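To be precise, the following lines are run38.txt, and they hold compact mmCIF, C-alpha atoms.
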```
# COMPACT_ATOMS: atom_id res chain seq x y z
CA MET A 21 19.25 -68.85 -19.75
CA ASN A 22 16.54 -67.64 -22.07
CA LEU A 23 13.37 -67.97 -20.05
CA LEU A 24 10.94 -66.93 -22.76
CA PRO A 25 11.63 -66.83 -26.49
CA PRO A 26 11.54 -63.42 -28.15
CA LYS A 27 8.04 -62.45 -29.33
CA THR A 28 8.45 -61.32 -32.94
CA THR A 29 11.82 -59.63 -32.77
CA SER A 30 15.39 -60.83 -32.95
CA ASP A 31 16.62 -57.87 -30.87
CA THR A 32 18.07 -59.15 -27.59
CA SER A 33 19.34 -55.80 -26.34
CA ALA A 34 19.32 -54.98 -22.65
CA GLU A 35 16.60 -52.41 -23.31
CA GLN A 36 14.22 -55.20 -24.34
CA SER A 37 15.21 -57.70 -21.65
CA VAL A 38 14.71 -58.29 -17.96
CA VAL A 39 16.76 -60.35 -15.51
CA LEU A 40 14.95 -61.96 -12.58
CA THR A 41 17.15 -62.94 -9.65
CA VAL A 42 15.80 -65.08 -6.83
CA TRP A 43 17.48 -66.59 -3.78
CA VAL A 44 16.21 -70.03 -2.80
CA PRO A 45 17.48 -73.05 -0.87
CA TYR A 46 20.24 -74.74 -2.86
CA ASP A 47 18.17 -77.81 -3.79
CA ALA A 48 14.87 -76.00 -4.46
CA LYS A 49 12.80 -76.79 -7.53
CA VAL A 50 11.84 -73.50 -9.17
CA THR A 51 9.14 -72.78 -11.74
CA VAL A 52 8.57 -69.53 -13.60
CA ASN A 53 5.12 -69.11 -15.12
CA GLY A 54 4.56 -72.84 -14.63
CA MET A 55 7.71 -73.91 -16.48
CA GLU A 56 10.26 -75.85 -14.42
CA THR A 57 13.73 -74.38 -14.66
CA ARG A 58 16.97 -76.32 -15.04
CA SER A 59 19.30 -74.02 -13.11
CA THR A 60 20.72 -75.06 -9.73
CA GLY A 61 22.18 -73.39 -6.67
CA SER A 62 20.93 -70.79 -4.23
CA ARG A 63 21.05 -67.82 -6.60
CA ARG A 64 18.96 -68.30 -9.73
CA GLN A 65 18.83 -65.85 -12.61
CA PHE A 66 16.39 -65.91 -15.48
CA VAL A 67 16.41 -63.71 -18.58
CA SER A 68 13.33 -62.79 -20.56
CA TYR A 69 14.04 -61.30 -24.00
CA GLY A 70 11.94 -59.50 -26.55
CA LEU A 71 9.93 -57.32 -24.18
CA GLN A 72 8.05 -54.40 -25.64
CA GLN A 73 8.07 -50.92 -24.16
CA GLY A 74 4.75 -49.82 -22.66
CA LEU A 75 3.51 -53.35 -21.94
CA SER A 76 3.29 -54.99 -18.52
CA TYR A 77 4.71 -58.46 -17.89
CA LYS A 78 3.89 -60.79 -15.02
CA TYR A 79 6.16 -63.54 -13.75
CA VAL A 80 4.93 -66.12 -11.24
CA VAL A 81 7.94 -67.67 -9.50
CA ARG A 82 7.41 -70.67 -7.24
CA ALA A 83 10.01 -72.55 -5.22
CA LYS A 84 9.48 -75.92 -3.60
```
In structure tokens, write the structure found in this file.
Amino acid sequence: MNLLPPKTTSDTSAEQSVVLTVWVPYDAKVTVNGMETRSTGSRRQFVSYGLQQGLSYKYVVRAK
């Protein structure tokens, strides 16, 4: 699942990506940075592509 679209690059290499893994109750509703996700199950993984070296990124994950 592509959580965030690439900024201005088409490079989707592992060096410019991050995988967030969270464990939640099976039927939890999860948002990342205010966007509701569509994945289901207890283990949720989200991929963010197009990250730039030297910058900091913040992800706010909420489960309900």
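Put simply, CA of Lys84 in chain A is 23.3 Å away from CA of Val38 in chain A.
Atom to atom, CA of Val52 in chain A and CA of Glu35 in chain A stand 21.3 Å apart.
In this structure, CA of Ser37 in chain A sits 12.5 Å away from CA of Leu75 in chain A.
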Please provide the set of residues having any atom within 8 Å of range 44-48 of chain A, restricted to all atoms listed in the file, with same-chain residues fewer than 6 positions apart removed, written as a short mmCIF file (atom, residue, chain, number, x, y, z; two decimals) with C-alpha atoms, in the frame of the given file.
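Result saved to out_14.cif:
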```
data_model
loop_
_atom_site.label_atom_id
_atom_site.label_comp_id
_atom_site.auth_asym_id
_atom_site.auth_seq_id
_atom_site.Cartn_x
_atom_site.Cartn_y
_atom_site.Cartn_z
CA THR A 60 20.72 -75.06 -9.73
CA GLY A 61 22.18 -73.39 -6.67
CA SER A 62 20.93 -70.79 -4.23
CA ARG A 63 21.05 -67.82 -6.60
CA ARG A 64 18.96 -68.30 -9.73
CA ALA A 83 10.01 -72.55 -5.22
CA LYS A 84 9.48 -75.92 -3.60
#
```
Report task. Enumerate, as an NGL selection string, the protein, DNA and RNA residues whose atoms approach (10.8, -47.4, -25.3) to within 9 Å, taking into account all atoms listed in the file and the coordinate frame of the file. Result -> :A and (35-36 or 72-74)
Go ahead and dump the residues you just picked, C-alpha atoms, as an mmCIF file, in the coordinates of the input.
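Saved result, result.cif, follows:
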```cif
data_model
loop_
_atom_site.group_PDB
_atom_site.id
_atom_site.type_symbol
_atom_site.label_atom_id
_atom_site.label_comp_id
_atom_site.auth_asym_id
_atom_site.auth_seq_id
_atom_site.Cartn_x
_atom_site.Cartn_y
_atom_site.Cartn_z
ATOM 1 C CA GLU A 35 16.600 -52.410 -23.310
ATOM 2 C CA GLN A 36 14.220 -55.200 -24.340
ATOM 3 C CA GLN A 72 8.050 -54.400 -25.640
ATOM 4 C CA GLN A 73 8.070 -50.920 -24.160
ATOM 5 C CA GLY A 74 4.750 -49.820 -22.660
#
```
Requested in this report: Using only C-alpha atoms, find the one residue out of A:Arg82, A:Tyr69, A:Ser76, A:Leu40 that sits nearest to Met55 in chain A.
Outcome: A:Arg82
With 8 Å of padding per side, what axis-aligned box (centre and edge lengths, Å, one decimal) covers all the listed atoms of range 65-74 of chain A? Give it as JSON.
```
{"center_x": 11.8, "center_y": -57.9, "center_z": -19.6, "size_x": 30.1, "size_y": 32.1, "size_z": 29.9}
```
